[in-house]
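Here's the structure, in structure tokens; my notes come after.
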2 protein chains.
Amino acid sequence: MIDETHDSKRRSWVESANLDGCDFPIQNLPLGVFRVQGENRTRIGVAIGDDILDVGAWLGGNSLNAYFALPATQRRDLRRKWSITLDRGATKRPLYSQSQCEMLMPAVVGDYTDFYASIHHATTVGRMFRPDNPLLPNYKHVPIAYHGRSSSLVLSGTPVKRPAGQLGEGKFGPTRELDYEMEIGAFLGPGNELGKPIPIGEAQQHIAGVCLVNDWSARDIQRWEYQPLGPFLAKNFATSVSPWVVTIEALEPFRTSASTHDVAVLPYLQESGESAFDITVEVWLRTRTMTESVRISRANFRDMYWTLGQMVAHHTCNGCPLRPGDLIASGTVSGPEKENRGCLLEMTWKGTEPLRLPNGEERTFLEDGDEVILTGYCQRDGFARIGLGSCRGSIVAG
Amino acid sequence: MIDETHDSKRRSWVESANLDGCDFPIQNLPLGVFRVQGENRTRIGVAIGDDILDVGAWLGGNSLNAYFALPATQRRDLRRKWSITLDRGATKRPLYSQSQCEMLMPAVVGDYTDFYASIHHATTVGRMFRPDNPLLPNYKHVPIAYHGRSSSLVLSGTPVKRPAGQLGEGKFGPTRELDYEMEIGAFLGPGNELGKPIPIGEAQQHIAGVCLVNDWSARDIQRWEYQPLGPFLAKNFATSVSPWVVTIEALEPFRTSASTHDVAVLPYLQESGESAFDITVEVWLRTRTMTESVRISRANFRDMYWTLGQMVAHHTCNGCPLRPGDLIASGTVSGPEKENRGCLLEMTWKGTEPLRLPNGEERTFLEDGDEVILTGYCQRDGFARIGLGSCRGSIVAG
């Protein structure tokens, strides 16, 4: 539902929020958890331009879990209040400069689920390992997912130590095939009780907001361990999450049709209306020798085969309970072309076609000192640009 | 380390604890979380015979997480204190009858990991689906595991609703192949920080206690969904946990040699000493028409290919953080013979050889109204019998 909070003419008294290209204009109002430098206190805030508005007066607690537990109507009401508070016409209030704050994990994540919703990613990876039969027979029917680990979720900026593991029979050592995966994460809203599926028609109300997720992956560990129960140590050494949760309300103007399916899905997954979101996602890389990062890929979240609503309906169709603050991630967001591939495994064809960087360096997989920066944003004529901020991580030696 | 708390001559002033065949003699002292009928208050207790000693004076909180966070030395000290308190020579204290208490989940489980540590189970299941090559090449090198879901962990006694799901292409409905899996669960102790593996020599100190786990499984859902990322909705509709956590200290007299490996394991998994535990596990079934349950299988935890210590060392070798109260389960405990098989998939050869019950009924998979009861106990000449209690669940229609 698009309302006055999305009006592109709206301006804030926070001048940095009104600048072109800003991630956090008054139409965005993403939520995060922060600490002011020199203080112990944990606060909940809304990002506005370069600053943060402390919203503790409206929201209690040390995490966004209480916010995620609210019904969608109350989340919308809060958005309206914050929009009015930050509007040019309102009285100025004290703000904290983002540069003087430390961001914290936005939620206590009970369970973290990772989907595999990009058919482009699944097909490309499938083609590498099964050229005759790239896409498995279940793919167009089942929104494939696995459970990730919540204890190894880390905030953007946390260094990522190169993990050790079994790299094949009798081989143990630091991974030689360290990769990123560009994903969109969704924090869940009210959720459901054990045994009570969420119908597809209500599924979207259970998505409270989105963030950027880097599902770091060790491809050599993964190849050796993943049969028959799926990825485990190849993934659970670190999964980075961006600090600002962009609410589903902020994304309303960027709704779009989900990608077309040539195979009918079962009724419990049939969704009506504009159920996908047009979010451009980019991967940037900065090696030790670079001063500035370079963009190495770009894709769009609307190209996913399965929508967030379908993920929620599928996840709960067996009665599995989702709790407020649980995180689901989309799986690697890849598009149809080579420049749309959201991980190095795809971009370098499992390391056989090195990526050439503008400064002459090459990469098959990540090297120590590399920093990966994920960004995401929504743009549409007649609406303010909405940014997701960034999700960063640098590789340190194992 | 065996000490005076294991002395089989020790008797308690709680007479029911001194009876032959009792699960909870003074040598056991398992921990649980309970509520007295008619009260709201959550208490922590030690089971003794048919009763419970409230140990709130020694342990704070509403769950065992604080206990699990203690170093192994402090856990041992507490055991000694409770043993002295309940010894025949000590002053009697108020107790609560178990029959008048409701048991609660023993811990807030952050992450739940399920291993696949029985080579007998892996081989039998492998033979069904890959007769020429039953055991995958990684099995003897990698303690295979996947992440389960913590939100669907339920306490013993919680009814298990038959889950619906995709049973194959275009088919959706209640599972027709509902199964149990008899497993041993281990609650983790202090744990480790992100990026700091737990060496195999210290791994056992990070196991605080064990319980019984029923990893309910929908085989038709599993078969269709599990490629390429492993089981998901086939498992996360419910996983039952027994209420009493038998401490690792209580199990000391039942240490035994781990099963021999014909293939050398990597150094980070090489364990010395008696690193396995001799725990007999049994599966009992009671159908709607039965008044008493019947035992349908029996196996021993010492026959697992991988030990709990190896599971901990493997889980953390990439730096994955384990937290106090995290749960790892062993995977189905099966032995070499047909009567040792810990799930119906194995016992009925994926439903093709029905199990014949003494009253003439047959089962391929579970039917509505069936109750599955897991039990476990340790016995050894010269030592008191230590019981794990039971883990129960009845199937209700979906």
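Following the order of the structure tokens, first chain is A, next is B, and so on, with residues numbered from 1 inside each chain and ligands from 1 in the order they appear.
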
> Which residues of chain A are close to chain B, meaning at most 6 Å apart when you count only C-alpha atoms, and how do they look as a ChimeraX atom specification?
Replying inline: /A:146-147,163-165,229-230,232,236-237,318-320

Resulting file, chosen residues, C-alpha atoms, as a compact mmCIF listing (two decimals), in the first residue's frame:
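Result written to again.txt:
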```
# COMPACT_ATOMS: atom_id res chain seq x y z
CA TYR A 146 18.34 -25.62 4.27
CA HIS A 147 18.87 -24.47 7.81
CA PRO A 163 38.14 -21.34 7.74
CA ALA A 164 40.01 -24.62 7.88
CA GLY A 165 38.36 -27.89 7.04
CA LEU A 229 22.76 -33.94 4.06
CA GLY A 230 23.72 -30.61 2.47
CA PHE A 232 27.42 -27.56 6.92
CA ASN A 236 28.69 -21.94 9.26
CA PHE A 237 32.02 -20.18 9.88
CA ASN A 318 4.36 -28.60 7.39
CA GLY A 319 3.60 -26.61 10.54
CA CYS A 320 7.17 -25.46 11.19
```

>> Which of stretch 54-298 of chain B end up as alpha helix (DSSP H) when DSSP is run on this backbone - answer as number ranges by chain?
In response: B: 65-68, 72-86, 119-129, 200-203, 219-225

> When DSSP works through the backbone of this structure, what residues of stretch 52-229 of chain B end up as strand (DSSP E), shown as a ChimeraX atom specification?
Replying inline: /B:52-54,96-97,101-104,112-115,145-147,153-155,160-161,164-168,171-174,178-179,182-188,207-214,217-218

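Once B:Ala208 and its same-chain neighbours fewer than 2 positions away are set aside, Phe68, Phe187, Leu188, Gly189, Thr247 and Ile248 of chain B remain within 6 Å of it when counting only C-alpha atoms.
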
> For B:His206, which residue among B:Leu251, B:Ile184, B:Leu70, B:Ala299 is the nearest when counting only C-alpha atoms?
Replying inline: B:Leu70

>> Residues within 9 Å of B:Arg298, please, as a count of residues only. Count only C-alpha atoms; anything in the same chain fewer than 4 positions from it doesn't count.
In response: 10

>> Just to confirm, what's the straight-line distance from atom CA of A:Pro25 to atom CA of A:Ala329 in Å (one decimal)?
In response: 25.1 Å

>> Would you pick out the contacts of stretch 255-259 of chain B at 8 Å or less, using only C-alpha atoms, so that residues sharing its chain but fewer than 4 positions from it are not included, and give the list as a PyMOL selection string?
In response: chain B and resi 251+273-278+302-307
